[in-house]
$ cat coords-v5.cif   # mmCIF, C-alpha atoms
data_target
loop_
_atom_site.label_atom_id
_atom_site.label_comp_id
_atom_site.auth_asym_id
_atom_site.auth_seq_id
_atom_site.Cartn_x
_atom_site.Cartn_y
_atom_site.Cartn_z
CA MET A 1 95.63 80.31 98.06
CA PRO A 2 97.27 81.57 94.90
CA SER A 3 97.56 85.30 94.66
CA ALA A 4 95.14 87.05 92.34
CA SER A 5 98.12 88.89 90.97
CA ALA A 6 101.59 87.77 90.09
CA LYS A 7 102.90 91.29 90.58
CA ALA A 8 105.77 91.86 92.95
CA TRP A 9 105.37 94.14 95.98
CA PRO A 10 107.15 97.22 94.52
CA GLU A 11 104.96 97.17 91.43
CA ILE A 12 101.82 96.99 93.55
CA VAL A 13 102.96 99.92 95.69
CA LEU A 14 103.81 102.07 92.66
CA GLU A 15 100.49 101.27 90.97
CA THR A 16 98.55 102.10 94.13
CA LEU A 17 100.40 105.39 94.55
CA LYS A 18 99.59 106.35 90.97
CA ALA A 19 95.96 105.33 91.34
CA ASN A 20 95.77 107.75 94.28
CA ASP A 21 97.57 110.57 92.46
CA VAL A 22 100.57 110.49 94.82
CA ARG A 23 103.06 112.29 92.60
CA LEU A 24 105.93 113.41 94.84
CA ALA A 25 108.20 110.72 96.25
CA VAL A 26 110.72 111.84 98.86
CA TYR A 27 113.16 109.35 100.33
CA VAL A 28 116.29 108.73 102.31
CA PRO A 29 118.00 105.82 100.58
CA ASP A 30 117.52 102.25 101.79
CA LYS A 31 118.50 98.98 100.19
CA ILE A 32 115.15 97.24 100.58
CA LEU A 33 113.44 100.25 98.98
CA ILE A 34 115.66 100.19 95.87
CA PRO A 35 112.89 98.97 93.53
CA LEU A 36 110.59 101.76 94.73
CA ILE A 37 113.33 104.40 94.54
CA ASP A 38 114.31 103.25 91.04
CA GLY A 39 110.63 103.04 90.16
CA VAL A 40 109.82 106.64 91.07
CA HIS A 41 112.98 107.93 89.38
CA GLY A 42 112.19 105.95 86.25
CA ASP A 43 108.58 107.05 85.85
CA PRO A 44 107.82 110.63 84.72
CA PHE A 45 104.55 110.47 86.67
CA PHE A 46 106.60 110.94 89.83
CA THR A 47 108.86 113.70 91.02
CA ALA A 48 111.56 112.00 93.10
CA VAL A 49 113.58 113.87 95.73
CA CYS A 50 116.39 112.39 97.81
CA ALA A 51 116.49 114.13 101.20
CA THR A 52 119.55 114.33 103.43
CA ARG A 53 117.57 113.48 106.56
CA GLU A 54 114.12 112.16 107.24
CA GLU A 55 112.77 115.28 108.99
CA GLU A 56 113.71 117.29 105.92
CA GLY A 57 111.42 114.94 104.03
CA VAL A 58 108.60 115.62 106.49
CA GLY A 59 108.95 119.32 105.71
CA ILE A 60 109.02 118.81 101.94
CA CYS A 61 105.95 116.57 102.03
CA ALA A 62 104.06 118.98 104.31
CA GLY A 63 104.79 121.88 101.98
CA ALA A 64 103.77 119.84 98.95
CA TRP A 65 100.45 118.90 100.57
CA MET A 66 99.65 122.51 101.35
CA GLY A 67 100.53 123.36 97.76
CA GLY A 68 98.16 120.72 96.43
CA THR A 69 100.46 117.77 95.68
CA ARG A 70 100.14 114.37 97.33
CA SER A 71 103.38 112.78 98.39
CA LEU A 72 105.00 109.93 100.23
CA LEU A 73 108.11 109.77 102.37
CA MET A 74 110.21 106.60 102.29
CA MET A 75 112.80 105.61 104.88
CA GLN A 76 113.97 102.68 106.95
CA THR A 77 113.04 102.12 110.57
CA SER A 78 116.28 103.68 111.86
CA GLY A 79 115.43 106.85 109.93
CA PHE A 80 112.03 107.02 111.59
CA GLY A 81 113.94 107.62 114.80
CA ASN A 82 115.00 110.99 113.39
CA ILE A 83 111.52 112.40 112.95
CA PRO A 84 109.35 112.38 116.11
CA ASN A 85 109.62 116.16 116.60
CA ALA A 86 108.83 116.90 112.96
CA LEU A 87 105.85 114.54 113.14
CA ALA A 88 104.58 116.03 116.40
CA SER A 89 105.06 119.73 115.74
CA LEU A 90 104.40 119.81 112.00
CA ALA A 91 102.50 116.82 110.57
CA VAL A 92 100.29 116.16 113.60
CA ALA A 93 99.88 119.73 114.85
CA TYR A 94 99.03 121.10 111.40
CA GLN A 95 96.92 118.06 110.41
CA ILE A 96 98.99 117.04 107.40
CA PRO A 97 98.12 113.67 105.79
CA LEU A 98 101.73 112.56 105.62
CA LEU A 99 102.22 109.11 104.11
CA LEU A 100 105.22 107.29 105.59
CA LEU A 101 106.50 104.13 103.94
CA ILE A 102 109.04 102.48 106.18
CA SER A 103 111.14 99.44 105.39
CA GLU A 104 111.55 97.33 108.47
CA ARG A 105 115.01 96.58 109.76
CA GLY A 106 115.81 95.16 113.15
CA ALA A 107 113.61 92.07 112.99
CA LEU A 108 113.41 88.61 111.42
CA GLY A 109 117.08 87.93 110.99
CA GLU A 110 118.62 91.34 111.56
CA PHE A 111 122.41 91.09 111.62
CA ASN A 112 123.21 94.64 112.78
CA ALA A 113 122.60 95.34 116.46
CA GLY A 114 122.51 99.06 115.67
CA GLN A 115 119.30 98.48 113.74
CA VAL A 116 117.52 96.38 116.33
CA TRP A 117 116.78 98.95 119.02
CA SER A 118 116.19 101.85 116.66
CA SER A 119 113.47 99.88 114.89
CA ARG A 120 111.63 99.48 118.17
CA VAL A 121 110.83 103.20 118.45
CA VAL A 122 108.37 103.14 115.54
CA ALA A 123 105.34 101.61 117.21
CA PRO A 124 105.53 103.48 120.54
CA VAL A 125 106.13 106.84 118.84
CA CYS A 126 103.18 106.31 116.50
CA THR A 127 101.03 105.25 119.45
CA ALA A 128 102.07 108.30 121.46
CA LEU A 129 101.24 110.65 118.59
CA GLY A 130 98.00 108.93 117.61
CA ILE A 131 99.37 108.08 114.17
CA PRO A 132 97.91 104.88 112.71
CA GLN A 133 100.75 102.42 112.12
CA LEU A 134 100.22 99.29 110.08
CA THR A 135 102.78 96.59 109.38
CA ILE A 136 102.24 94.91 106.02
CA GLU A 137 103.34 91.27 105.88
CA ARG A 138 101.30 89.75 103.07
CA LEU A 139 101.37 90.49 99.36
CA ASP A 140 97.64 90.04 99.05
CA ASP A 141 97.01 92.67 101.74
CA LEU A 142 99.36 95.21 100.20
CA ALA A 143 97.23 97.07 97.65
CA PHE A 144 94.25 97.24 100.01
CA VAL A 145 96.25 98.55 102.96
CA VAL A 146 98.17 101.14 100.95
CA ASP A 147 95.10 102.33 99.05
CA ARG A 148 92.84 102.60 102.10
CA SER A 149 95.57 104.18 104.22
CA ILE A 150 96.13 106.95 101.69
CA LYS A 151 92.40 107.60 101.47
CA GLN A 152 91.95 107.61 105.24
CA ALA A 153 94.94 109.88 105.81
CA ILE A 154 93.55 112.45 103.40
CA ALA A 155 89.95 112.17 104.62
CA THR A 156 90.99 112.52 108.27
CA GLN A 157 93.93 114.91 107.71
CA SER A 158 96.22 112.64 109.69
CA PRO A 159 99.62 111.09 109.03
CA VAL A 160 99.84 107.34 108.54
CA ALA A 161 102.84 105.03 108.89
CA LEU A 162 103.09 101.86 106.80
CA VAL A 163 105.84 99.43 107.77
CA LEU A 164 106.98 96.95 105.12
CA SER A 165 107.82 93.70 106.93
CA PRO A 166 110.61 91.37 105.78
CA LEU A 167 107.78 88.86 105.36
CA LEU A 168 106.68 91.02 102.44
CA THR A 169 109.98 92.35 101.08
CA GLY A 170 112.43 89.60 102.02
CA GLY A 171 114.29 92.08 104.18
CA LYS A 172 118.03 92.50 104.13
CA VAL A 173 120.18 89.49 104.87
CA PHE A 174 123.77 89.31 106.02
CA ALA A 175 126.11 88.28 103.24
CA ALA A 176 128.61 86.22 105.22
CA MET B 177 119.72 145.82 110.46
CA ARG B 178 116.42 145.35 112.18
CA ARG B 179 114.47 142.20 111.39
CA ILE B 180 111.13 144.01 111.47
CA ASP B 181 112.40 146.65 109.01
CA LEU B 182 113.51 143.94 106.57
CA MET B 183 110.22 142.08 106.94
CA ARG B 184 108.34 145.32 106.22
CA ARG B 185 110.41 145.81 103.08
CA LEU B 186 109.61 142.22 102.10
CA ALA B 187 105.89 142.69 102.80
CA GLY B 188 105.86 145.78 100.62
CA MET B 189 107.22 143.83 97.66
CA LEU B 190 104.86 140.84 97.82
CA GLY B 191 102.01 139.91 95.53
CA ASP B 192 100.92 136.29 95.24
CA GLU B 193 104.13 134.78 96.61
CA ALA B 194 103.88 132.10 99.30
CA VAL B 195 106.10 132.84 102.31
CA ILE B 196 107.19 130.21 104.84
CA GLY B 197 108.43 131.69 108.14
CA GLY B 198 110.67 129.60 110.40
CA ILE B 199 110.06 129.27 114.11
CA GLY B 200 110.41 132.01 116.67
CA ASN B 201 111.33 135.59 116.02
CA THR B 202 111.63 134.95 112.27
CA ASN B 203 107.94 134.34 111.79
CA PHE B 204 106.96 136.72 114.60
CA ASP B 205 108.31 139.65 112.62
CA LEU B 206 107.03 138.24 109.32
CA TYR B 207 103.60 138.39 110.96
CA ALA B 208 104.15 141.76 112.60
CA ALA B 209 105.16 143.29 109.27
CA GLY B 210 101.67 142.57 107.96
CA HIS B 211 99.80 139.29 108.07
CA ARG B 212 98.64 137.84 104.79
CA PRO B 213 96.99 134.45 104.24
CA LEU B 214 99.84 133.38 101.96
CA ASN B 215 102.18 133.45 104.98
CA PHE B 216 102.76 130.15 106.74
CA TYR B 217 104.01 130.34 110.33
CA MET B 218 105.84 127.39 111.90
CA LEU B 219 105.30 126.52 115.56
CA GLY B 220 107.96 123.84 115.95
CA SER B 221 109.89 121.61 113.56
CA MET B 222 112.98 123.79 113.94
CA GLY B 223 114.98 123.91 110.72
CA LEU B 224 112.17 122.92 108.37
CA ALA B 225 111.15 126.30 106.90
CA PHE B 226 113.30 125.77 103.80
CA PRO B 227 112.15 122.15 103.24
CA ILE B 228 108.51 123.24 103.60
CA ALA B 229 109.17 126.05 101.12
CA LEU B 230 110.76 123.50 98.75
CA GLY B 231 107.66 121.33 98.94
CA VAL B 232 105.39 124.29 98.22
CA ALA B 233 107.64 125.35 95.32
CA LEU B 234 107.50 121.85 93.80
CA ALA B 235 103.72 121.70 94.16
CA GLN B 236 103.08 125.10 92.56
CA PRO B 237 105.89 125.77 90.08
CA GLN B 238 104.07 128.79 88.67
CA ARG B 239 104.12 130.57 92.04
CA ARG B 240 107.13 132.24 93.64
CA VAL B 241 107.92 130.83 97.06
CA ILE B 242 110.05 132.44 99.76
CA GLY B 243 111.46 130.62 102.80
CA ILE B 244 112.76 132.63 105.76
CA GLU B 245 114.96 131.05 108.38
CA GLY B 246 117.13 132.12 111.30
CA ASP B 247 120.79 131.19 111.63
CA GLY B 248 120.19 128.74 114.49
CA SER B 249 117.40 127.00 112.60
CA LEU B 250 119.42 126.72 109.41
CA LEU B 251 122.42 125.38 111.33
CA MET B 252 120.19 122.56 112.58
CA ASN B 253 119.42 121.46 109.03
CA LEU B 254 122.23 122.51 106.70
CA GLY B 255 121.60 119.46 104.54
CA CYS B 256 118.46 121.05 103.13
CA LEU B 257 120.66 123.53 101.23
CA ALA B 258 122.23 120.62 99.35
CA THR B 259 118.82 119.14 98.60
CA ILE B 260 117.51 122.47 97.31
CA ALA B 261 120.62 122.97 95.18
CA THR B 262 120.13 119.49 93.70
CA VAL B 263 116.41 119.87 93.01
CA ALA B 264 117.06 123.44 91.84
CA PRO B 265 113.50 124.83 91.85
CA VAL B 266 113.52 128.01 89.77
CA ASN B 267 110.71 129.57 91.85
CA LEU B 268 112.34 129.36 95.29
CA THR B 269 114.10 132.16 97.17
CA LEU B 270 115.63 131.67 100.62
CA ILE B 271 116.27 134.40 103.18
CA VAL B 272 118.53 133.88 106.20
CA LEU B 273 118.04 136.36 109.04
CA ASP B 274 121.33 135.97 110.88
CA ASN B 275 121.64 137.53 114.35
CA ALA B 276 124.50 135.15 115.18
CA SER B 277 122.61 133.89 118.19
CA TYR B 278 119.82 131.75 119.55
CA GLN B 279 117.86 134.85 120.46
CA ILE B 280 114.69 133.14 121.67
CA THR B 281 116.50 130.86 124.12
CA GLY B 282 118.52 133.61 125.75
CA GLY B 283 120.93 134.84 123.12
CA GLN B 284 123.53 132.10 123.19
CA PRO B 285 126.01 132.71 120.34
CA SER B 286 125.50 130.52 117.28
CA ALA B 287 128.28 129.20 115.10
CA SER B 288 127.74 132.14 112.75
CA ALA B 289 128.96 134.44 115.55
CA ALA B 290 132.44 132.97 115.17
CA LYS B 291 133.53 131.06 112.11
CA THR B 292 130.57 129.98 110.02
CA ASP B 293 129.54 132.01 106.99
CA LEU B 294 126.08 130.75 106.10
CA VAL B 295 126.08 132.34 102.64
CA ALA B 296 129.37 130.60 101.88
CA VAL B 297 127.83 127.36 103.17
CA ALA B 298 124.89 127.83 100.80
CA ARG B 299 127.21 128.53 97.90
CA GLY B 300 129.26 125.48 98.80
CA ALA B 301 126.09 123.42 98.93
CA GLY B 302 125.49 124.40 95.34
CA ILE B 303 123.16 127.41 95.51
CA ALA B 304 125.29 129.61 93.29
CA ARG B 305 123.09 132.68 93.68
CA SER B 306 123.82 133.20 97.38
CA ASP B 307 124.69 136.70 98.59
CA TRP B 308 124.99 138.76 101.75
CA SER B 309 123.05 142.00 101.77
CA GLN B 310 125.02 144.71 103.55
CA ASP B 311 122.22 147.19 104.11
CA PRO B 312 118.41 147.40 103.81
CA ASP B 313 118.53 148.87 100.30
CA GLU B 314 120.76 146.04 99.11
CA PHE B 315 118.35 143.57 100.73
CA SER B 316 115.48 145.07 98.74
CA ARG B 317 117.53 145.07 95.55
CA LEU B 318 118.67 141.44 95.93
CA LEU B 319 115.15 140.33 96.81
CA GLY B 320 113.70 142.13 93.82
CA GLU B 321 116.26 140.52 91.52
CA ALA B 322 115.64 137.09 93.04
CA LEU B 323 111.90 137.37 92.51
CA ARG B 324 112.36 138.38 88.89
CA SER B 325 114.90 135.74 87.88
CA GLU B 326 115.29 132.00 87.92
CA GLY B 327 116.38 130.51 91.22
CA PRO B 328 117.05 128.98 93.54
CA SER B 329 118.64 131.90 95.31
CA LEU B 330 119.59 132.79 98.86
CA ILE B 331 119.96 136.16 100.57
CA GLY B 332 121.76 136.37 103.89
CA THR B 333 121.37 139.41 106.07
CA ARG B 334 122.90 140.26 109.42
CA ILE B 335 120.33 141.53 111.91
CA ASP B 336 120.53 142.88 115.44
CA GLY B 337 118.97 141.38 118.55
CA ALA B 338 115.89 143.60 118.72
CA PRO B 339 112.82 141.77 120.05
CA ALA B 340 110.06 140.87 117.62
CA ALA B 341 107.32 143.44 117.08
CA GLY B 342 104.44 140.97 117.40
CA GLN B 343 103.44 137.32 117.32
CA PRO B 344 100.87 135.31 115.37
CA ALA B 345 98.27 133.30 117.29
CA ARG B 346 99.56 129.79 117.89
CA ASP B 347 96.76 127.94 116.15
CA PRO B 348 98.28 125.47 113.69
CA ALA B 349 95.00 124.23 112.19
CA GLN B 350 93.93 127.82 111.49
CA ILE B 351 97.33 128.81 110.09
CA ARG B 352 97.35 125.83 107.74
CA ASP B 353 93.72 126.19 106.71
CA ARG B 354 94.07 129.87 105.80
CA PHE B 355 97.32 129.23 103.99
CA MET B 356 95.78 126.42 101.92
CA GLN B 357 92.71 128.48 101.09
CA ALA B 358 94.98 131.27 99.87
CA MET B 359 96.99 128.73 97.88
CA GLY B 360 93.78 127.53 96.24
CA THR B 361 94.19 124.02 97.61
CA ARG B 362 91.37 124.04 100.16
CA LYS B 363 87.88 125.47 100.10
CA GLU B 364 86.41 127.61 102.82
CA PHE B 365 84.07 125.54 104.98
CA GLY B 366 80.57 125.54 103.56
CA VAL B 367 81.66 126.79 100.15
CA GLU B 368 81.15 124.24 97.38
#
$ encode --input "coords-v5.cif" --output "structure tokens"
Amino acid sequence: MPSASAKAWPEIVLETLKANDVRLAVYVPDKILIPLIDGVHGDPFFTAVCATREEEGVGICAGAWMGGTRSLLMMQTSGFGNIPNALASLAVAYQIPLLLLISERGALGEFNAGQVWSSRVVAPVCTALGIPQLTIERLDDLAFVVDRSIKQAIATQSPVALVLSPLLTGGKVFAA
Amino acid sequence: MRRIDLMRRLAGMLGDEAVIGGIGNTNFDLYAAGHRPLNFYMLGSMGLAFPIALGVALAQPQRRVIGIEGDGSLLMNLGCLATIATVAPVNLTLIVLDNASYQITGGQPSASAAKTDLVAVARGAGIARSDWSQDPDEFSRLLGEALRSEGPSLIGTRIDGAPAAGQPARDPAQIRDRFMQAMGTRKEFGVE
């Protein structure tokens, strides 16, 4: 079935963030996320902040929420491994609707063994903390999943983790 | 210097500033010096008081925001000083209460007991307005200047190992709800 939209995945994500008034974009750099990182830096709608570590980003986003600004935190799966304590003791305990956007490494052609096992902590940690975790594989699901996840996170005051599959983004391939 | 004395001096200078207190004795004495709804008390997430304060400062640029952190907590997350220096929010002031130890876990010496100068670290990270206060009056003077001028700024102060004078109730939902109501970002239940 042809897609209703010819837009690429980063454009859809950025449009959906804007439609939901998500204005602060915090990230730890990642190659797959380059179009989103460039997109938030290049659009005055967004305030973009590069954090030194992912848990720092959890703190910034939590503070922004309490101050009245919606935000998202972007990272790769290995970076998610840095944040379970910040999720548990800040975002979950204080009921912060933290939006995590995670680019998936470690699967579907991963060339770096160091990425493989770290990516496997995402699902069990989210399950343990009761954080909804959705992996997005299809372009035609993307806007719906991102939009509804933001709305549910805010309505239920709960973090949500969205994993961007290589099936959606193309992933990162080894340049031999 | 006594932490509770410094927190009482801080409390006496506050108006509508938001204050983020790091875990343990730092926020215990912030609370004991006089609770106000615009105080946010952390219960975990060691090292995230300054990042939370940065987020609040970005969300409400018209409001002054103060982050308070212990030496052990800051040592866990020194990178946040570089982020704050880079973002450079003019409404953010950071206070480091440095007792050169992990007081709450038994007083083990921290790196600041030996070689590490946390104010120099902050300056090196790019927060040019970073100063040690040598006595309580200088603390009050530096804080007053910081709150009147464009930041970011950081005030380091050596404190002794006196126990905290009180503790807030450990109810994160209530802490967050009251803080957000005071920030004007959440309505009281039942109020339209």
$ interface_residues --input "coords-v5.cif" --of "chain B" --to "chain A" --cutoff "10 Å" --atoms "only C-alpha atoms" --output "ChimeraX atom specification"
/B:194,196,216,218-237,239,253-260,262-263,347-353,355-362
$ write_last_selection --input "coords-v5.cif" --atoms "C-alpha atoms" --output "mmCIF file, in the coordinates of the input"
data_model
loop_
_atom_site.group_PDB
_atom_site.id
_atom_site.type_symbol
_atom_site.label_atom_id
_atom_site.label_comp_id
_atom_site.auth_asym_id
_atom_site.auth_seq_id
_atom_site.Cartn_x
_atom_site.Cartn_y
_atom_site.Cartn_z
ATOM 1 C CA ALA B 194 103.880 132.100 99.300
ATOM 2 C CA ILE B 196 107.190 130.210 104.840
ATOM 3 C CA PHE B 216 102.760 130.150 106.740
ATOM 4 C CA MET B 218 105.840 127.390 111.900
ATOM 5 C CA LEU B 219 105.300 126.520 115.560
ATOM 6 C CA GLY B 220 107.960 123.840 115.950
ATOM 7 C CA SER B 221 109.890 121.610 113.560
ATOM 8 C CA MET B 222 112.980 123.790 113.940
ATOM 9 C CA GLY B 223 114.980 123.910 110.720
ATOM 10 C CA LEU B 224 112.170 122.920 108.370
ATOM 11 C CA ALA B 225 111.150 126.300 106.900
ATOM 12 C CA PHE B 226 113.300 125.770 103.800
ATOM 13 C CA PRO B 227 112.150 122.150 103.240
ATOM 14 C CA ILE B 228 108.510 123.240 103.600
ATOM 15 C CA ALA B 229 109.170 126.050 101.120
ATOM 16 C CA LEU B 230 110.760 123.500 98.750
ATOM 17 C CA GLY B 231 107.660 121.330 98.940
ATOM 18 C CA VAL B 232 105.390 124.290 98.220
ATOM 19 C CA ALA B 233 107.640 125.350 95.320
ATOM 20 C CA LEU B 234 107.500 121.850 93.800
ATOM 21 C CA ALA B 235 103.720 121.700 94.160
ATOM 22 C CA GLN B 236 103.080 125.100 92.560
ATOM 23 C CA PRO B 237 105.890 125.770 90.080
ATOM 24 C CA ARG B 239 104.120 130.570 92.040
ATOM 25 C CA ASN B 253 119.420 121.460 109.030
ATOM 26 C CA LEU B 254 122.230 122.510 106.700
ATOM 27 C CA GLY B 255 121.600 119.460 104.540
ATOM 28 C CA CYS B 256 118.460 121.050 103.130
ATOM 29 C CA LEU B 257 120.660 123.530 101.230
ATOM 30 C CA ALA B 258 122.230 120.620 99.350
ATOM 31 C CA THR B 259 118.820 119.140 98.600
ATOM 32 C CA ILE B 260 117.510 122.470 97.310
ATOM 33 C CA THR B 262 120.130 119.490 93.700
ATOM 34 C CA VAL B 263 116.410 119.870 93.010
ATOM 35 C CA ASP B 347 96.760 127.940 116.150
ATOM 36 C CA PRO B 348 98.280 125.470 113.690
ATOM 37 C CA ALA B 349 95.000 124.230 112.190
ATOM 38 C CA GLN B 350 93.930 127.820 111.490
ATOM 39 C CA ILE B 351 97.330 128.810 110.090
ATOM 40 C CA ARG B 352 97.350 125.830 107.740
ATOM 41 C CA ASP B 353 93.720 126.190 106.710
ATOM 42 C CA PHE B 355 97.320 129.230 103.990
ATOM 43 C CA MET B 356 95.780 126.420 101.920
ATOM 44 C CA GLN B 357 92.710 128.480 101.090
ATOM 45 C CA ALA B 358 94.980 131.270 99.870
ATOM 46 C CA MET B 359 96.990 128.730 97.880
ATOM 47 C CA GLY B 360 93.780 127.530 96.240
ATOM 48 C CA THR B 361 94.190 124.020 97.610
ATOM 49 C CA ARG B 362 91.370 124.040 100.160
#
$ atom_distance --input "coords-v5.cif" --atom1 "CA of Ser165 in chain A" --atom2 "CA of Ala25 in chain A"
20.1 Å
$ resolve_selection --input "coords-v5.cif" --expression "the PyMOL selection byres ((chain B and resi 206-211) around 6)" --output "ChimeraX atom specification"
/B:183-184,203-205,212,341-342
$ residues_around --input "coords-v5.cif" --residues "Ile136 in chain A" --least-positions-apart "3" --cutoff "8 Å" --atoms "all atoms listed in the file" --output "ChimeraX atom specification"
/A:141-142,145,162-165,168
$ resolve_selection --input "coords-v5.cif" --expression "the PyMOL selection byres ((chain A and resi 114-117) around 12)" --output "list in words"
Gln76, Thr77, Ser78, Gly79, Phe80, Gly81, Ser103, Glu104, Arg105, Gly106, Ala107, Leu108, Gly109, Glu110, Phe111, Asn112, Ala113, Ser118, Ser119, Arg120, Val121, Val122, Ala123 and Lys172 of chain A
$ atom_distance --input "coords-v5.cif" --atom1 "CA of Ala155 in chain A" --atom2 "CA of Leu139 in chain A"
25.1 Å
$ resolve_selection --input "coords-v5.cif" --expression "the PyMOL selection byres ((chain A and resi 7-9) around 12)" --output "ChimeraX atom specification"
/A:3-6,10-16,32-36,39,136-143,146,164-170
$ axis_aligned_box --input "coords-v5.cif" --around "range 107-111 of chain A" --padding-each-side "4 Å" --output "JSON"
{"center_x": 117.9, "center_y": 90.0, "center_z": 112.0, "size_x": 17.0, "size_y": 12.1, "size_z": 10.0}
$ atom_distance --input "coords-v5.cif" --atom1 "CA of Gly327 in chain B" --atom2 "CA of Thr202 in chain B"
22.0 Å
$ closest_residue --input "coords-v5.cif" --among "B:Gly198, B:Gly248, B:Pro339, B:Gly243" --to "Ser288 in chain B" --atoms "all atoms listed in the file"
B:Gly248
$ build_atoms --input "coords-v5.cif" --residues "range 62-76 of chain A" --atoms "N, CA and C atoms" --output "mmCIF file, in the coordinates of the input"
data_model
loop_
_atom_site.group_PDB
_atom_site.id
_atom_site.type_symbol
_atom_site.label_atom_id
_atom_site.label_comp_id
_atom_site.auth_asym_id
_atom_site.auth_seq_id
_atom_site.Cartn_x
_atom_site.Cartn_y
_atom_site.Cartn_z
ATOM 1 N N ALA A 62 105.075 118.084 103.740
ATOM 2 C CA ALA A 62 104.060 118.980 104.310
ATOM 3 C C ALA A 62 103.840 120.178 103.391
ATOM 4 N N GLY A 63 104.924 120.744 102.894
ATOM 5 C CA GLY A 63 104.790 121.880 101.980
ATOM 6 C C GLY A 63 104.077 121.482 100.700
ATOM 7 N N ALA A 64 104.411 120.302 100.186
ATOM 8 C CA ALA A 64 103.770 119.840 98.950
ATOM 9 C C ALA A 64 102.273 119.657 99.157
ATOM 10 N N TRP A 65 101.877 119.088 100.291
ATOM 11 C CA TRP A 65 100.450 118.900 100.570
ATOM 12 C C TRP A 65 99.729 120.251 100.586
ATOM 13 N N MET A 66 100.314 121.207 101.269
ATOM 14 C CA MET A 66 99.650 122.510 101.350
ATOM 15 C C MET A 66 99.600 123.190 99.985
ATOM 16 N N GLY A 67 100.538 122.824 99.113
ATOM 17 C CA GLY A 67 100.530 123.360 97.760
ATOM 18 C C GLY A 67 99.686 122.558 96.789
ATOM 19 N N GLY A 68 99.092 121.462 97.266
ATOM 20 C CA GLY A 68 98.160 120.720 96.430
ATOM 21 C C GLY A 68 98.708 119.461 95.797
ATOM 22 N N THR A 69 99.874 118.994 96.237
ATOM 23 C CA THR A 69 100.460 117.770 95.680
ATOM 24 C C THR A 69 100.542 116.688 96.757
ATOM 25 N N ARG A 70 100.046 115.510 96.410
ATOM 26 C CA ARG A 70 100.140 114.370 97.330
ATOM 27 C C ARG A 70 101.537 113.755 97.241
ATOM 28 N N SER A 71 102.015 113.280 98.367
ATOM 29 C CA SER A 71 103.380 112.780 98.390
ATOM 30 C C SER A 71 103.504 111.583 99.307
ATOM 31 N N LEU A 72 104.656 110.919 99.227
ATOM 32 C CA LEU A 72 105.000 109.930 100.230
ATOM 33 C C LEU A 72 106.444 110.134 100.634
ATOM 34 N N LEU A 73 106.755 109.662 101.832
ATOM 35 C CA LEU A 73 108.110 109.770 102.370
ATOM 36 C C LEU A 73 108.579 108.361 102.726
ATOM 37 N N MET A 74 109.681 107.948 102.075
ATOM 38 C CA MET A 74 110.210 106.600 102.290
ATOM 39 C C MET A 74 111.494 106.648 103.119
ATOM 40 N N MET A 75 111.622 105.677 103.997
ATOM 41 C CA MET A 75 112.800 105.610 104.880
ATOM 42 C C MET A 75 112.877 104.207 105.457
ATOM 43 N N GLN A 76 113.941 103.930 106.196
ATOM 44 C CA GLN A 76 113.970 102.680 106.950
ATOM 45 C C GLN A 76 113.675 102.972 108.411
#
